[in-house]
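Enquirer: This is the content of query13.txt (compact mmCIF, C-alpha atoms):
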```txt
# COMPACT_ATOMS: atom_id res chain seq x y z
CA MET A 1 16.06 -1.51 4.12
CA ALA A 2 18.30 0.02 1.50
CA GLY A 3 20.74 2.83 2.25
CA ARG A 4 19.43 6.32 1.69
CA PRO A 5 21.91 8.76 0.15
CA GLY A 6 21.66 12.38 1.20
CA HIS A 7 19.49 14.53 -1.00
CA ARG A 8 20.78 17.27 -3.19
CA ALA A 9 19.92 20.95 -2.94
CA ALA A 10 16.96 21.74 -5.14
CA GLY A 11 17.42 24.27 -7.90
CA ALA A 12 21.15 23.62 -8.49
CA ALA A 13 22.68 22.53 -11.76
CA GLY A 14 23.36 18.96 -12.84
CA GLY A 15 19.77 17.73 -12.85
CA ARG A 16 18.76 19.23 -9.50
CA ARG A 17 15.11 20.11 -9.36
CA ALA A 18 13.60 23.47 -8.53
CA GLN A 19 11.51 23.89 -5.41
CA ARG A 20 8.04 22.96 -6.60
CA PRO A 21 5.16 21.24 -4.85
CA HIS A 22 4.66 17.51 -5.30
CA ARG A 23 1.69 16.23 -7.20
CA HIS A 24 0.79 14.25 -4.07
CA ALA A 25 1.30 15.45 -0.51
CA LEU A 26 3.49 12.42 0.21
CA GLY A 27 5.31 12.45 -3.12
CA ARG A 28 5.44 9.98 -6.01
CA ARG A 29 7.29 7.14 -4.26
CA THR A 30 6.33 7.44 -0.59
CA PRO A 31 2.74 6.09 -0.86
CA TYR A 32 4.14 2.89 -2.39
CA PHE A 33 6.70 2.59 0.43
CA LEU A 34 3.93 2.81 3.01
CA ILE A 35 1.43 0.49 1.33
CA GLY A 36 4.04 -2.15 0.57
CA ALA A 37 5.55 -2.07 4.07
CA LEU A 38 2.13 -2.31 5.73
CA LEU A 39 1.13 -5.30 3.59
CA CYS A 40 4.50 -6.94 4.28
CA SER A 41 4.03 -6.53 8.02
CA LEU A 42 0.51 -7.95 7.95
CA GLY A 43 1.64 -10.88 5.81
CA LEU A 44 4.56 -11.65 8.12
CA LEU A 45 2.30 -11.57 11.18
CA CYS A 46 -0.20 -13.96 9.59
CA MET A 47 2.24 -16.38 7.93
CA PRO A 48 3.17 -18.53 10.98
CA PHE A 49 -0.50 -18.99 11.84
CA SER A 50 -1.61 -20.16 8.39
CA PRO A 51 -4.17 -22.97 8.89
CA THR A 52 -3.40 -24.68 5.57
CA LEU A 53 -0.63 -24.95 2.99
CA TRP A 54 -2.76 -23.05 0.49
CA ALA A 55 -3.19 -20.17 2.94
CA ALA A 56 0.57 -20.03 3.48
CA ALA A 57 1.18 -20.07 -0.29
CA GLY A 58 -1.31 -17.24 -0.77
CA LEU A 59 0.38 -15.18 1.93
CA LEU A 60 3.74 -15.85 0.30
CA TRP A 61 2.48 -14.37 -2.95
CA ILE A 62 1.09 -11.36 -1.07
CA LEU A 63 4.42 -10.91 0.70
CA ASP A 64 6.32 -11.07 -2.56
CA ALA A 65 3.98 -8.57 -4.23
CA ALA A 66 4.07 -6.22 -1.22
CA ASN A 67 7.87 -6.36 -1.08
CA ASN A 68 8.02 -5.46 -4.76
CA VAL A 69 5.58 -2.57 -4.22
CA THR A 70 8.04 -1.17 -1.69
CA MET A 71 11.42 -2.04 -3.17
CA GLU A 72 11.03 -0.96 -6.80
CA PRO A 73 10.02 2.62 -5.87
CA TYR A 74 13.01 2.56 -3.50
CA ARG A 75 15.27 1.84 -6.46
CA ALA A 76 13.60 4.59 -8.47
CA PHE A 77 14.12 6.82 -5.43
CA VAL A 78 17.88 6.23 -5.62
CA SER A 79 17.86 7.25 -9.28
CA ASP A 80 15.79 10.36 -8.40
CA LYS A 81 18.12 11.49 -5.64
CA LEU A 82 21.52 10.94 -7.24
CA PRO A 83 23.26 12.20 -10.38
CA PRO A 84 24.28 9.49 -12.88
CA SER A 85 27.91 9.56 -11.74
CA GLN A 86 26.78 8.33 -8.30
CA HIS A 87 24.34 5.63 -9.44
CA SER A 88 26.84 2.84 -8.81
CA LEU A 89 27.44 4.03 -5.24
CA GLY A 90 23.72 4.50 -4.62
CA PHE A 91 22.51 1.15 -5.93
CA LEU A 92 25.36 -0.81 -4.36
CA THR A 93 24.79 0.96 -1.03
CA GLN A 94 21.16 -0.11 -1.26
CA SER A 95 22.42 -3.62 -1.99
CA ALA A 96 24.65 -3.47 1.08
CA PHE A 97 21.83 -2.64 3.46
CA THR A 98 19.62 -5.26 1.83
CA GLY A 99 22.36 -7.76 2.63
CA LEU A 100 22.66 -6.50 6.21
CA GLY A 101 18.91 -6.82 6.75
CA GLN A 102 18.88 -10.35 5.36
CA THR A 103 21.87 -11.25 7.53
CA LEU A 104 19.91 -10.30 10.64
CA ALA A 105 16.83 -12.11 9.36
CA TYR A 106 18.73 -15.36 8.76
CA LEU A 107 20.45 -15.11 12.14
CA THR A 108 17.31 -14.37 14.13
CA PRO A 109 16.29 -18.02 14.83
CA SER A 110 19.83 -18.95 15.88
CA LEU A 111 20.09 -15.85 18.08
CA LEU A 112 16.77 -16.64 19.73
CA VAL A 113 18.01 -20.16 20.50
CA LEU A 114 21.26 -18.68 21.85
CA TRP A 115 19.22 -16.39 24.11
CA GLY A 116 17.32 -19.29 25.62
CA MET A 117 14.42 -20.28 23.34
CA ASP A 118 13.88 -24.01 22.86
CA LYS A 119 14.67 -24.87 19.23
CA ASP A 120 12.43 -27.96 19.42
CA ALA A 121 9.36 -26.19 20.87
CA THR A 122 6.51 -25.98 18.33
CA ASN A 123 3.04 -24.47 18.16
CA GLY A 124 -0.20 -26.26 17.37
CA SER A 125 0.68 -26.32 13.67
CA HIS A 126 4.09 -27.93 14.42
CA ILE A 127 5.92 -24.70 13.50
CA PRO A 128 8.96 -23.99 15.73
CA GLN A 129 8.38 -21.15 18.15
CA VAL A 130 11.66 -19.54 17.12
CA VAL A 131 10.29 -19.26 13.57
CA VAL A 132 7.08 -17.63 14.82
CA ALA A 133 9.11 -15.12 16.85
CA ALA A 134 11.31 -14.38 13.85
CA PHE A 135 8.26 -13.58 11.69
CA VAL A 136 6.89 -11.21 14.35
CA ILE A 137 10.24 -9.41 14.61
CA GLY A 138 10.34 -9.12 10.82
CA ALA A 139 6.86 -7.60 10.75
CA VAL A 140 7.86 -4.91 13.22
CA MET A 141 11.10 -4.14 11.37
CA SER A 142 9.31 -3.89 8.01
CA ILE A 143 7.06 -1.01 8.94
CA THR A 144 9.42 0.82 11.33
CA SER A 145 12.35 0.89 8.87
CA VAL A 146 10.16 2.34 6.11
CA LEU A 147 8.70 4.95 8.47
CA TRP A 148 12.23 5.94 9.46
CA SER A 149 13.22 6.26 5.80
CA ILE A 150 10.26 8.49 5.05
CA ARG A 151 10.99 10.69 8.06
CA THR A 152 14.69 11.15 7.33
CA SER A 153 14.79 11.20 3.49
CA PRO A 154 12.01 13.28 1.93
CA GLU A 155 11.49 13.16 -1.80
CA LEU A 156 12.85 15.88 -4.05
CA PRO A 157 10.25 18.30 -5.43
CA LEU A 158 9.40 17.98 -9.11
CA ASP A 159 10.33 20.69 -11.58
CA ALA A 160 7.76 22.51 -13.72
CA ALA A 161 8.24 20.27 -16.78
CA GLU A 162 7.73 17.10 -14.79
CA LEU A 163 4.65 18.48 -13.06
CA ALA A 164 3.17 19.50 -16.40
CA ARG A 165 3.82 16.06 -17.84
CA LEU A 166 2.19 14.33 -14.86
CA ARG A 167 -0.86 16.61 -14.95
CA ALA A 168 -1.29 15.98 -18.67
CA ARG A 169 -1.71 12.26 -18.11
CA ARG A 170 -5.17 10.82 -18.26
CA PRO A 171 -6.25 9.39 -14.88
CA GLY A 172 -7.44 5.84 -14.36
CA ALA A 173 -6.24 2.26 -14.62
CA ARG A 174 -6.70 2.20 -18.39
CA ALA A 175 -4.24 5.05 -18.86
CA VAL A 176 -1.73 3.39 -16.53
CA LEU A 177 -2.00 0.14 -18.47
CA ALA A 178 -1.57 1.99 -21.76
CA ASP A 179 1.56 3.68 -20.38
CA ILE A 180 3.01 0.30 -19.38
CA VAL A 181 2.25 -1.20 -22.79
CA GLN A 182 3.88 1.76 -24.53
CA ALA A 183 6.93 1.49 -22.25
CA VAL A 184 7.29 -2.21 -23.10
CA ARG A 185 7.14 -1.42 -26.83
CA GLU A 186 9.76 1.30 -26.45
CA MET A 187 11.94 -0.70 -24.08
CA PRO A 188 15.65 0.07 -24.63
CA ASP A 189 17.76 -2.69 -26.14
CA THR A 190 19.95 -2.79 -23.03
CA MET A 191 16.93 -3.59 -20.88
CA ARG A 192 15.74 -6.32 -23.27
CA ARG A 193 19.12 -8.03 -23.09
CA LEU A 194 19.17 -7.75 -19.31
CA ALA A 195 15.90 -9.71 -19.27
CA LEU A 196 17.76 -12.88 -20.32
CA VAL A 197 20.41 -12.31 -17.66
CA LYS A 198 17.75 -11.98 -14.99
CA LEU A 199 15.90 -15.06 -16.22
CA PHE A 200 19.02 -17.20 -15.68
CA GLN A 201 20.13 -15.69 -12.38
CA TRP A 202 16.73 -15.51 -10.70
CA TYR A 203 15.66 -18.99 -11.82
CA ALA A 204 18.95 -20.14 -10.25
CA MET A 205 18.41 -18.24 -7.00
CA PHE A 206 14.87 -19.57 -6.56
CA CYS A 207 16.21 -23.10 -7.09
CA TYR A 208 18.88 -22.41 -4.48
CA TRP A 209 16.53 -20.91 -1.89
CA GLN A 210 13.94 -23.66 -2.24
CA TYR A 211 16.31 -26.62 -2.10
CA ILE A 212 19.40 -25.59 -0.17
CA MET A 213 17.99 -26.75 3.18
CA LEU A 214 16.96 -30.11 1.70
CA ALA A 215 20.40 -30.43 0.12
CA LEU A 216 22.15 -29.63 3.42
CA SER A 217 19.91 -32.06 5.31
CA GLN A 218 20.57 -34.86 2.85
CA SER A 219 24.32 -34.37 2.46
CA LEU A 220 25.05 -33.88 6.18
CA TYR A 221 22.36 -35.86 7.99
CA GLY A 222 21.12 -38.31 5.38
CA THR A 223 17.48 -37.28 5.68
CA THR A 224 14.88 -34.99 4.13
CA ASP A 225 12.18 -35.80 6.70
CA PRO A 226 10.84 -32.49 8.10
CA ALA A 227 10.04 -34.18 11.43
CA SER A 228 13.61 -35.40 12.00
CA GLN A 229 16.23 -33.85 14.27
CA GLY A 230 18.67 -33.70 11.36
CA PHE A 231 16.26 -31.63 9.32
CA ARG A 232 15.88 -29.09 12.14
CA ASP A 233 19.65 -28.93 12.55
CA ALA A 234 19.98 -28.36 8.81
CA GLY A 235 17.48 -25.51 9.13
CA LEU A 236 19.59 -23.78 11.76
CA LEU A 237 22.74 -24.33 9.68
CA ASN A 238 20.98 -22.89 6.64
CA GLY A 239 20.12 -19.81 8.68
CA GLN A 240 23.74 -19.41 9.70
CA VAL A 241 25.23 -19.82 6.22
CA GLY A 242 22.47 -17.62 4.80
CA ALA A 243 23.35 -14.93 7.32
CA PHE A 244 27.01 -15.33 6.38
CA TYR A 245 26.51 -14.87 2.63
CA ASN A 246 24.29 -11.86 3.24
CA PHE A 247 26.94 -10.38 5.52
CA VAL A 248 29.46 -10.98 2.74
CA ALA A 249 27.02 -9.16 0.43
CA PHE A 250 26.88 -6.24 2.89
CA ILE A 251 30.68 -5.86 2.81
CA ALA A 252 31.02 -6.71 -0.88
CA ALA A 253 28.48 -4.13 -2.00
CA PHE A 254 30.82 -1.35 -0.85
CA ALA A 255 33.93 -3.19 -2.06
CA LEU A 256 32.43 -3.58 -5.56
CA VAL A 257 32.01 0.18 -6.08
CA PRO A 258 35.60 0.87 -7.26
CA PHE A 259 35.56 -2.26 -9.45
CA THR A 260 32.27 -1.18 -11.03
CA ARG A 261 33.67 2.28 -11.72
CA ARG A 262 36.89 0.93 -13.21
CA PHE A 263 35.74 -2.16 -15.12
CA GLY A 264 32.06 -1.35 -15.59
CA ALA A 265 28.90 -2.88 -14.15
CA ARG A 266 28.72 -5.50 -16.91
CA ILE A 267 32.16 -7.07 -16.37
CA THR A 268 31.89 -6.86 -12.59
CA HIS A 269 28.50 -8.55 -12.59
CA SER A 270 29.68 -11.30 -14.95
CA VAL A 271 32.63 -12.18 -12.70
CA CYS A 272 30.48 -12.21 -9.55
CA VAL A 273 27.72 -14.46 -10.86
CA ALA A 274 30.28 -16.80 -12.48
CA LEU A 275 31.96 -17.19 -9.11
CA ALA A 276 28.58 -17.96 -7.52
CA GLY A 277 27.93 -20.59 -10.18
CA VAL A 278 31.19 -22.37 -9.39
CA CYS A 279 30.46 -22.21 -5.66
CA MET A 280 26.96 -23.68 -6.10
CA LEU A 281 28.43 -26.56 -8.11
CA CYS A 282 30.79 -27.25 -5.18
CA ILE A 283 28.10 -27.30 -2.47
CA PRO A 284 26.94 -30.93 -3.03
CA LEU A 285 30.56 -32.10 -2.62
CA ILE A 286 30.85 -30.76 0.95
CA ARG A 287 30.32 -33.10 3.92
CA GLU A 288 31.50 -30.94 6.86
CA PRO A 289 29.19 -28.20 8.22
CA ALA A 290 32.01 -25.67 8.70
CA LEU A 291 33.05 -25.97 5.06
CA PHE A 292 29.64 -24.81 3.85
CA PHE A 293 30.67 -21.25 4.71
CA LEU A 294 33.36 -21.22 1.98
CA PRO A 295 31.05 -21.25 -1.08
CA MET A 296 28.89 -18.62 0.63
CA VAL A 297 31.62 -16.08 -0.13
CA GLY A 298 30.99 -16.43 -3.87
CA ILE A 299 27.21 -16.45 -3.42
CA GLY A 300 27.45 -13.32 -1.26
CA LEU A 301 29.48 -11.51 -3.92
CA ALA A 302 26.90 -12.42 -6.55
CA TRP A 303 24.02 -11.38 -4.30
CA ALA A 304 25.61 -7.96 -3.74
CA SER A 305 26.09 -7.54 -7.48
CA MET A 306 22.57 -8.76 -8.35
CA MET A 307 21.03 -6.16 -6.05
CA GLY A 308 23.09 -3.33 -7.52
CA ASN A 309 24.84 -3.70 -10.86
CA PRO A 310 21.82 -4.59 -13.06
CA TYR A 311 20.19 -1.39 -11.80
CA VAL A 312 23.33 0.60 -12.61
CA MET A 313 23.10 -0.71 -16.18
CA LEU A 314 19.36 -0.07 -16.29
CA ALA A 315 19.53 3.49 -14.93
CA GLY A 316 21.96 4.44 -17.67
CA CYS A 317 19.63 3.41 -20.50
CA ILE A 318 16.15 4.64 -19.51
CA PRO A 319 14.67 8.16 -19.70
CA PRO A 320 14.76 9.78 -16.24
CA GLU A 321 11.09 10.80 -16.45
CA ARG A 322 10.09 7.14 -16.97
CA THR A 323 12.25 5.68 -14.23
CA GLY A 324 9.28 4.52 -12.15
CA VAL A 325 7.52 2.56 -14.88
CA TYR A 326 10.72 0.96 -16.15
CA MET A 327 11.80 -0.02 -12.64
CA GLY A 328 8.41 -1.68 -12.25
CA ILE A 329 8.77 -3.54 -15.55
CA PHE A 330 12.31 -4.53 -14.58
CA ASN A 331 10.87 -6.07 -11.44
CA MET A 332 8.79 -8.36 -13.68
CA PHE A 333 12.11 -9.84 -14.78
CA ILE A 334 12.37 -11.16 -11.20
CA VAL A 335 8.77 -12.25 -10.76
CA LEU A 336 8.46 -14.04 -14.12
CA PRO A 337 11.47 -16.33 -13.53
CA MET A 338 9.94 -17.22 -10.16
CA ILE A 339 6.66 -18.18 -11.84
CA VAL A 340 8.50 -20.12 -14.56
CA GLN A 341 10.61 -21.93 -11.95
CA ILE A 342 7.61 -22.89 -9.80
CA CYS A 343 5.72 -24.18 -12.83
CA THR A 344 8.54 -26.02 -14.60
CA LEU A 345 10.84 -27.51 -11.95
CA PRO A 346 8.26 -30.03 -10.66
CA LEU A 347 7.86 -31.30 -14.24
CA TYR A 348 11.43 -32.59 -14.43
CA TYR A 349 12.52 -32.82 -10.77
CA GLN A 350 12.02 -36.58 -10.65
CA SER A 351 12.73 -37.48 -14.27
CA ALA A 352 15.77 -35.32 -15.05
CA LEU A 353 17.13 -34.55 -11.55
CA GLY A 354 16.35 -37.90 -9.92
CA GLY A 355 14.37 -36.30 -7.11
CA ASN A 356 17.71 -35.27 -5.60
CA PRO A 357 17.84 -31.76 -4.06
CA GLU A 358 21.60 -31.68 -4.56
CA ASN A 359 21.02 -31.84 -8.32
CA VAL A 360 18.80 -28.76 -8.07
CA ILE A 361 21.72 -26.88 -6.51
CA ARG A 362 23.93 -28.08 -9.36
CA LEU A 363 21.31 -26.82 -11.84
CA ALA A 364 21.38 -23.44 -10.07
CA GLY A 365 25.16 -23.32 -10.51
CA VAL A 366 24.92 -24.01 -14.24
CA LEU A 367 22.26 -21.31 -14.66
CA MET A 368 24.43 -18.77 -12.84
CA LEU A 369 27.25 -19.52 -15.27
CA CYS A 370 24.77 -18.95 -18.12
CA ALA A 371 23.89 -15.56 -16.59
CA ALA A 372 27.59 -14.68 -16.45
CA VAL A 373 27.88 -15.30 -20.19
CA ALA A 374 24.56 -13.58 -21.04
CA VAL A 375 25.51 -10.33 -19.30
CA LEU A 376 28.52 -9.97 -21.60
CA TRP A 377 26.00 -9.79 -24.47
CA VAL A 378 24.38 -6.67 -22.94
CA LYS A 379 25.24 -3.50 -24.84
CA LEU A 380 25.42 -0.25 -22.91
CA LYS A 381 25.19 3.25 -24.34
CA PRO A 382 28.43 5.25 -24.35
CA ALA A 383 28.58 7.96 -21.71
CA GLY A 384 26.86 11.14 -22.82
CA GLU A 385 24.69 9.54 -25.50
CA ALA A 386 21.12 10.82 -25.58
CA LEU A 387 18.49 8.60 -24.02
CA PRO A 388 15.24 7.71 -25.81
CA ALA A 389 13.29 10.67 -24.44
CA ALA A 390 13.61 13.75 -26.62
CA GLY A 391 15.73 16.50 -25.15
CA ARG A 392 16.91 14.45 -22.18
CA TRP A 393 20.52 13.46 -21.58
CA ALA A 394 21.97 11.30 -18.81
CA PRO A 395 25.74 10.97 -18.99
CA ARG A 396 27.01 8.18 -16.76
CA ALA A 397 30.26 9.73 -15.62
CA GLY A 398 32.49 7.28 -13.84
CA ILE A 399 30.68 4.16 -15.12
CA ARG A 400 32.20 2.23 -17.97
CA PRO A 401 30.01 0.09 -20.24
```
Write out the structure in this file as structure tokens.

Expert:
Amino acid sequence: MAGRPGHRAAGAAGGRRAQRPHRHALGRRTPYFLIGALLCSLGLLCMPFSPTLWAAAGLLWILDAANNVTMEPYRAFVSDKLPPSQHSLGFLTQSAFTGLGQTLAYLTPSLLVLWGMDKDATNGSHIPQVVVAAFVIGAVMSITSVLWSIRTSPELPLDAAELARLRARRPGARAVLADIVQAVREMPDTMRRLALVKLFQWYAMFCYWQYIMLALSQSLYGTTDPASQGFRDAGLLNGQVGAFYNFVAFIAAFALVPFTRRFGARITHSVCVALAGVCMLCIPLIREPALFFLPMVGIGLAWASMMGNPYVMLAGCIPPERTGVYMGIFNMFIVLPMIVQICTLPLYYQSALGGNPENVIRLAGVLMLCAAVAVLWVKLKPAGEALPAAGRWAPRAGIRP
């Protein structure tokens, strides 16, 4: 899970909150951590034993929703715990540990094979046993890592003004929906412009994730048959290069902090996703397995930036008391591109892309370059400018627009 910065002493200046009781015994964010992690663990345990494709697809949607239930409050938690001057360090640290976790996840099947498991052994549904074991390990890690976070990093108490505002809200789903609708209407211009950036970059990443193994299998082994030896070898290679780019993301997330502080989150993000776009365009040209690790450096840099810098830009433009709802809406900018990609790509996969998975990777590269241009269009508020909420200020010391 994401890194957890140390919490600040309550009652001090600079936005630190007085010692007041939470509205809920577990806090505002913690219940979402627990519910999301539990659903993720159950989904991961059930996924390898799905009796039909439709059941697996349904579990995938549940997993995605549960992950979002956990991760978006985590991002709001970073904003809660840190002053604006440390947002870049906080979000990029979270990005680093996301990359580390994904590195271990990608490497798990290869490590299990290295430790003696038969890579060709399958269960009754023809799913490799190493994949089943990896899902079980992931389920255990999902719930234990969140429980550890909750134990070691308690939420900050709310101050009197925040408690009064929360108590004044009308209870019920209707009031929550009304709050979301109002937040969308009042959405800051910076956030609206970031929506286009996220459409390009997440459509590209879903194209990459869905078709990279097919592209590797076709370019290296000349097959896309799931029952072939070449396809299984491509799967293991995909795990290794995926682990590599996530490890690059783990290192890069820390390395990007000084660049973000000096050049700003916008410029840094543009450079990173542009580099990823160029690397994706190069992937179909590679014919040697070892060379596939080279473009993963650019993809890892972009992945580190995607998990951190958009949230640095977002945190600087939203009212602190509405961080939770805007983080949730911002997450829709990930989910909606996924839905658009799933619904639209099959419509032109054969006609425009020739049914060639390598062309999908090329499309992903072009879309990442579009994201690099679109982020330059994002306008950030100058440091110290008042945010939309009356009476609230959030200077972003150390972060340039």

Enquirer: A:Leu42, A:Ala234, A:Ile329, A:Met368: which is nearest A:Ala276, counting all atoms listed in the file?

Expert: A:Met368

Enquirer: Of the candidates A:Pro73, A:Gly355, A:Pro320, A:Gly308, which one gets nearest to A:Thr260 if we count all atoms listed in the file?

Expert: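 Smallest separation from A:Thr260 among the options: A:Gly308.
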
Enquirer: What is the distance between atom CA of A:Val375 and atom CA of A:Ile267, in Å to one decimal?

Expert: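 Atom CA of A:Ile267 lies at a distance of 8.0 Å from atom CA of A:Val375.
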
Enquirer: Expressed in Å to a single decimal, how great is the separation between atom CA of A:Asn238 and atom CA of A:Leu38?

Expert: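 Atom CA of A:Leu38 lies at a distance of 27.9 Å from atom CA of A:Asn238.
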
Enquirer: Here is a test: counting only C-alpha atoms, which residue of A:Met306, A:Cys317, A:Ala274, A:Leu345 is nearest to A:Val366?

Expert: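 Closest residue, counting only C-alpha atoms: A:Ala274.
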
Enquirer: Take atom CA of A:Met191 and atom CA of A:Ala315 and report the distance between them in Å, one decimal.

Expert: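 Distance between the two atoms: 9.6 Å.
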
Enquirer: Complete stretch 273-288 of chain A at the level of N, CA and C atoms, written as an mmCIF file, keeping the file's coordinate frame.

Expert:
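Final file, out.cif:
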```cif
data_model
loop_
_atom_site.group_PDB
_atom_site.id
_atom_site.type_symbol
_atom_site.label_atom_id
_atom_site.label_comp_id
_atom_site.auth_asym_id
_atom_site.auth_seq_id
_atom_site.Cartn_x
_atom_site.Cartn_y
_atom_site.Cartn_z
ATOM 1 N N VAL A 273 28.673 -13.366 -10.724
ATOM 2 C CA VAL A 273 27.720 -14.460 -10.860
ATOM 3 C C VAL A 273 28.418 -15.740 -11.337
ATOM 4 N N ALA A 274 29.510 -15.615 -12.093
ATOM 5 C CA ALA A 274 30.280 -16.800 -12.480
ATOM 6 C C ALA A 274 30.887 -17.468 -11.249
ATOM 7 N N LEU A 275 31.403 -16.648 -10.343
ATOM 8 C CA LEU A 275 31.960 -17.190 -9.110
ATOM 9 C C LEU A 275 30.884 -17.901 -8.296
ATOM 10 N N ALA A 276 29.686 -17.315 -8.239
ATOM 11 C CA ALA A 276 28.580 -17.960 -7.520
ATOM 12 C C ALA A 276 28.216 -19.290 -8.164
ATOM 13 N N GLY A 277 28.227 -19.339 -9.498
ATOM 14 C CA GLY A 277 27.930 -20.590 -10.180
ATOM 15 C C GLY A 277 28.896 -21.691 -9.806
ATOM 16 N N VAL A 278 30.176 -21.387 -9.775
ATOM 17 C CA VAL A 278 31.190 -22.370 -9.390
ATOM 18 C C VAL A 278 30.977 -22.821 -7.948
ATOM 19 N N CYS A 279 30.675 -21.873 -7.072
ATOM 20 C CA CYS A 279 30.460 -22.210 -5.660
ATOM 21 C C CYS A 279 29.235 -23.103 -5.471
ATOM 22 N N MET A 280 28.156 -22.829 -6.207
ATOM 23 C CA MET A 280 26.960 -23.680 -6.100
ATOM 24 C C MET A 280 27.262 -25.100 -6.586
ATOM 25 N N LEU A 281 28.061 -25.228 -7.618
ATOM 26 C CA LEU A 281 28.430 -26.560 -8.110
ATOM 27 C C LEU A 281 29.258 -27.322 -7.072
ATOM 28 N N CYS A 282 29.970 -26.606 -6.212
ATOM 29 C CA CYS A 282 30.790 -27.250 -5.180
ATOM 30 C C CYS A 282 29.993 -27.661 -3.948
ATOM 31 N N ILE A 283 28.848 -27.044 -3.698
ATOM 32 C CA ILE A 283 28.100 -27.300 -2.470
ATOM 33 C C ILE A 283 27.774 -28.778 -2.268
ATOM 34 N N PRO A 284 27.273 -29.516 -3.277
ATOM 35 C CA PRO A 284 26.940 -30.930 -3.030
ATOM 36 C C PRO A 284 28.143 -31.801 -2.703
ATOM 37 N N LEU A 285 29.359 -31.316 -2.900
ATOM 38 C CA LEU A 285 30.560 -32.100 -2.620
ATOM 39 C C LEU A 285 30.996 -31.986 -1.164
ATOM 40 N N ILE A 286 30.409 -31.053 -0.411
ATOM 41 C CA ILE A 286 30.850 -30.760 0.950
ATOM 42 C C ILE A 286 30.136 -31.678 1.940
ATOM 43 N N ARG A 287 30.878 -32.202 2.906
ATOM 44 C CA ARG A 287 30.320 -33.100 3.920
ATOM 45 C C ARG A 287 30.566 -32.625 5.347
ATOM 46 N N GLU A 288 31.241 -31.506 5.528
ATOM 47 C CA GLU A 288 31.500 -30.940 6.860
ATOM 48 C C GLU A 288 30.765 -29.612 7.000
#
```
